[in-house]
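Before any comments, here is the structure.
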Protein chains: 2
Amino acid sequence: MKIEYRPIGSVHSPHQTTRGTPIQPSRARGIEGTVELEGEYVEALSDLDGFSHIILICHLHKATGFKHKVVPYLDTELRGLFATRAPSRPNPIGFSVVRLLGVDGHVLRIEGVDLLDGTPVLDIKPYVRDFDDRTNVRCGWLDEVRDRETTADDRFER
Amino acid sequence: MKIEYRPIGSVHSPHQTTRGTPIQPSRARGIEGTVELEGEYVEALSDLDGFSHIILICHLHKATGFKHKVVPYLDTELRGLFATRAPSRPNPIGFSVVRLLGVDGHVLRIEGVDLLDGTPVLDIKPYVRDFDDRTNVRCGWLDEVRDRETTADDRFER
């Protein structure tokens, strides 16, 4: 079974290379960019400006192919791919919650950008705390390394 | 530009029809199901059992085509599609944070299931509060209707 999608737009960001890119929006504070959608989607953006944060679902176009285990940026040990946020996924789909600064026609101004310039965008959803926030969360190996400082390098790039 | 993905597995849930399905995991408390992955992915599930919650990225296979504006389940007015979580998206990608009860080989036992039985799964990611949780969140029209009770009906189904 094949599933076929088409980008609805793309990210414009200051990150031209994977090396040095923040590894998550929470580590990209103050970094601004835009999502430029195809013009046909202007009407579908109505009401979005009432939301402070949006979910970007993207195609990680620079990712290498699937690896069962990877050494994540924040760790020094091999971990199962699905227990990481590394891009070497069977379907290289990225998920980022960013702050929405404004909507100008078909262009969204965003902050907290951890995506490469030119990343294709597949979907935009409003971030809703009642839907998306969880309490009593355990984060496995990430609970041990949460305070480590790092940015991306090219280990997952083709 | 076309992007082609393949399912890595599928959801088994008690929800056989869209009508009556909870509209979000946060409204599906206590409802259990499984994600059955292809056997080749067992090794990639290492370390996942340390996480209490996972993000499921799914292909909403029953969704109708794209609509610019929809009346969401929780509202009575037309809203821009991207300001809703309705399935009638240009790329019908679903996003759910569910509780991970256990990992048995290639099968994940989950709780908080708001997905139809048979939904194809595209990706699984660990839910990480430091990455995914936000404070000072405004939720536009959803702030007005957050306490409404509802379940899905067939308005977005083909």
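Naming works like this for the structure tokens: A, B, ... for the chains as they're shown, residue 1 at the start of each chain, ligands 1 onward in shown order.
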
| field | Residues near Asp114 (chain B), cut-off 12 Å, only C-alpha atoms, skip fewer than 3 positions along chain, as a VMD selection string | value | (chain A and resid 131) or (chain B and resid 11 to 34 56 58 60 94 to 99 110 to 111 117 119 151 to 152)

Can you write out the residues you just picked, keeping N, CA and C atoms, as a short mmCIF file (atom, residue, chain, number, x, y, z; two decimals), in the first residue's frame?
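Dumped everything to again10.cif:
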data_model
loop_
_atom_site.label_atom_id
_atom_site.label_comp_id
_atom_site.auth_asym_id
_atom_site.auth_seq_id
_atom_site.Cartn_x
_atom_site.Cartn_y
_atom_site.Cartn_z
N PHE A 131 -6.04 18.94 24.02
CA PHE A 131 -5.88 17.74 23.18
C PHE A 131 -4.46 17.16 23.29
N VAL B 11 -3.60 0.35 13.28
CA VAL B 11 -4.24 0.45 14.60
C VAL B 11 -5.34 -0.61 14.70
N HIS B 12 -5.40 -1.28 15.84
CA HIS B 12 -6.57 -2.10 16.17
C HIS B 12 -7.29 -1.41 17.31
N SER B 13 -8.54 -1.07 17.07
CA SER B 13 -9.29 -0.33 18.07
C SER B 13 -10.73 -0.81 18.10
N PRO B 14 -11.48 -0.47 19.16
CA PRO B 14 -12.89 -0.87 19.20
C PRO B 14 -13.78 -0.01 18.30
N HIS B 15 -13.21 1.01 17.64
CA HIS B 15 -14.03 1.94 16.86
C HIS B 15 -14.15 1.44 15.41
N GLN B 16 -15.31 0.88 15.10
CA GLN B 16 -15.52 0.32 13.75
C GLN B 16 -16.13 1.35 12.80
N THR B 17 -16.78 2.37 13.35
CA THR B 17 -17.37 3.41 12.51
C THR B 17 -16.99 4.77 13.08
N THR B 18 -16.91 5.75 12.20
CA THR B 18 -16.56 7.10 12.64
C THR B 18 -17.60 7.61 13.64
N ARG B 19 -18.87 7.35 13.34
CA ARG B 19 -19.93 7.82 14.24
C ARG B 19 -19.74 7.23 15.63
N GLY B 20 -19.61 8.11 16.62
CA GLY B 20 -19.45 7.67 18.00
C GLY B 20 -18.01 7.55 18.46
N THR B 21 -17.06 7.69 17.54
CA THR B 21 -15.64 7.62 17.93
C THR B 21 -15.26 8.89 18.69
N PRO B 22 -14.49 8.77 19.77
CA PRO B 22 -14.05 9.97 20.49
C PRO B 22 -13.26 10.88 19.55
N ILE B 23 -13.39 12.20 19.75
CA ILE B 23 -12.76 13.09 18.77
C ILE B 23 -11.30 13.39 19.08
N GLN B 24 -10.83 13.02 20.26
CA GLN B 24 -9.41 13.19 20.59
C GLN B 24 -9.04 12.16 21.65
N PRO B 25 -7.73 11.82 21.77
CA PRO B 25 -7.31 10.89 22.83
C PRO B 25 -7.72 11.38 24.22
N SER B 26 -7.71 12.71 24.43
CA SER B 26 -8.06 13.24 25.74
C SER B 26 -9.52 12.97 26.07
N ARG B 27 -10.34 12.62 25.07
CA ARG B 27 -11.74 12.28 25.28
C ARG B 27 -11.98 10.78 25.07
N ALA B 28 -10.90 10.01 25.09
CA ALA B 28 -10.99 8.56 24.88
C ALA B 28 -10.34 7.83 26.06
N ARG B 29 -10.42 8.43 27.23
CA ARG B 29 -9.77 7.83 28.41
C ARG B 29 -10.31 6.43 28.65
N GLY B 30 -9.40 5.51 28.90
CA GLY B 30 -9.80 4.14 29.23
C GLY B 30 -10.03 3.26 28.02
N ILE B 31 -10.05 3.84 26.84
CA ILE B 31 -10.27 3.03 25.63
C ILE B 31 -8.92 2.50 25.14
N GLU B 32 -8.81 1.17 25.15
CA GLU B 32 -7.54 0.54 24.80
C GLU B 32 -7.57 -0.04 23.40
N GLY B 33 -6.39 -0.18 22.86
CA GLY B 33 -6.24 -0.79 21.55
C GLY B 33 -4.78 -1.17 21.36
N THR B 34 -4.41 -1.51 20.15
CA THR B 34 -3.02 -1.84 19.86
C THR B 34 -2.59 -1.19 18.55
N LEU B 56 1.31 9.13 17.69
CA LEU B 56 0.99 8.34 16.50
C LEU B 56 0.71 9.29 15.34
N CYS B 58 -0.70 9.11 11.67
CA CYS B 58 -1.49 8.14 10.91
C CYS B 58 -2.01 8.73 9.61
N LEU B 60 -5.33 9.11 7.67
CA LEU B 60 -6.76 9.04 7.96
C LEU B 60 -7.48 8.52 6.70
N GLY B 94 -3.24 12.25 10.54
CA GLY B 94 -3.73 12.36 11.90
C GLY B 94 -2.60 12.35 12.91
N PHE B 95 -2.84 13.05 14.01
CA PHE B 95 -1.83 13.18 15.06
C PHE B 95 -2.52 12.90 16.39
N SER B 96 -2.06 11.88 17.11
CA SER B 96 -2.66 11.52 18.40
C SER B 96 -1.55 11.22 19.41
N VAL B 97 -1.69 11.77 20.61
CA VAL B 97 -0.80 11.39 21.72
C VAL B 97 -1.56 10.38 22.57
N VAL B 98 -1.06 9.16 22.65
CA VAL B 98 -1.72 8.11 23.42
C VAL B 98 -0.78 7.59 24.51
N ARG B 99 -1.38 6.95 25.50
CA ARG B 99 -0.59 6.34 26.57
C ARG B 99 -0.08 4.98 26.09
N ILE B 110 -1.91 0.33 23.73
CA ILE B 110 -2.10 1.77 23.94
C ILE B 110 -3.45 2.05 24.59
N GLU B 111 -3.54 3.22 25.20
CA GLU B 111 -4.79 3.67 25.83
C GLU B 111 -5.06 5.12 25.42
N ASP B 117 -10.51 1.47 13.79
CA ASP B 117 -9.88 0.18 13.56
C ASP B 117 -9.36 0.12 12.12
N THR B 119 -6.76 1.86 10.91
CA THR B 119 -6.07 3.08 10.45
C THR B 119 -4.58 2.79 10.20
N THR B 151 -19.02 13.42 20.27
CA THR B 151 -18.19 12.42 19.61
C THR B 151 -18.30 12.66 18.11
N ALA B 152 -17.56 11.90 17.34
CA ALA B 152 -17.55 12.09 15.89
C ALA B 152 -18.86 11.62 15.26
#

| said: Report as number ranges by chain all protein, DNA and RNA residues lying within 9 Å of region 64-80 of chain B, evaluated on only C-alpha atoms, omitting residues in the same chain fewer than 2 positions from it. | reply: A: 41-48; B: 23, 61-62, 82-92, 141-142, 145-146, 148-153, 155-158

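Shortest atom-to-atom contact with Cys139 (chain A) among B:Ser52, B:Val107, B:Gly39, B:Met1: B:Ser52, counting only C-alpha atoms.
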
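Considering only region 4-82 of chain A, backbone DSSP assigns helix (DSSP H, G or I) to Pro25, Ser26, Arg27, Gly39, Glu40, Tyr41, Glu43, Ala44, Leu45, Leu48, Asp49, Gly50, Leu81 and Phe82 of chain A.
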
| query | Looking at B:Leu81, B:Ile54, B:Val103, B:Leu115, which one is nearest to chain A, with distances taken over only C-alpha atoms? | reply |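 For chain A, the nearest of the candidates is B:Leu81.
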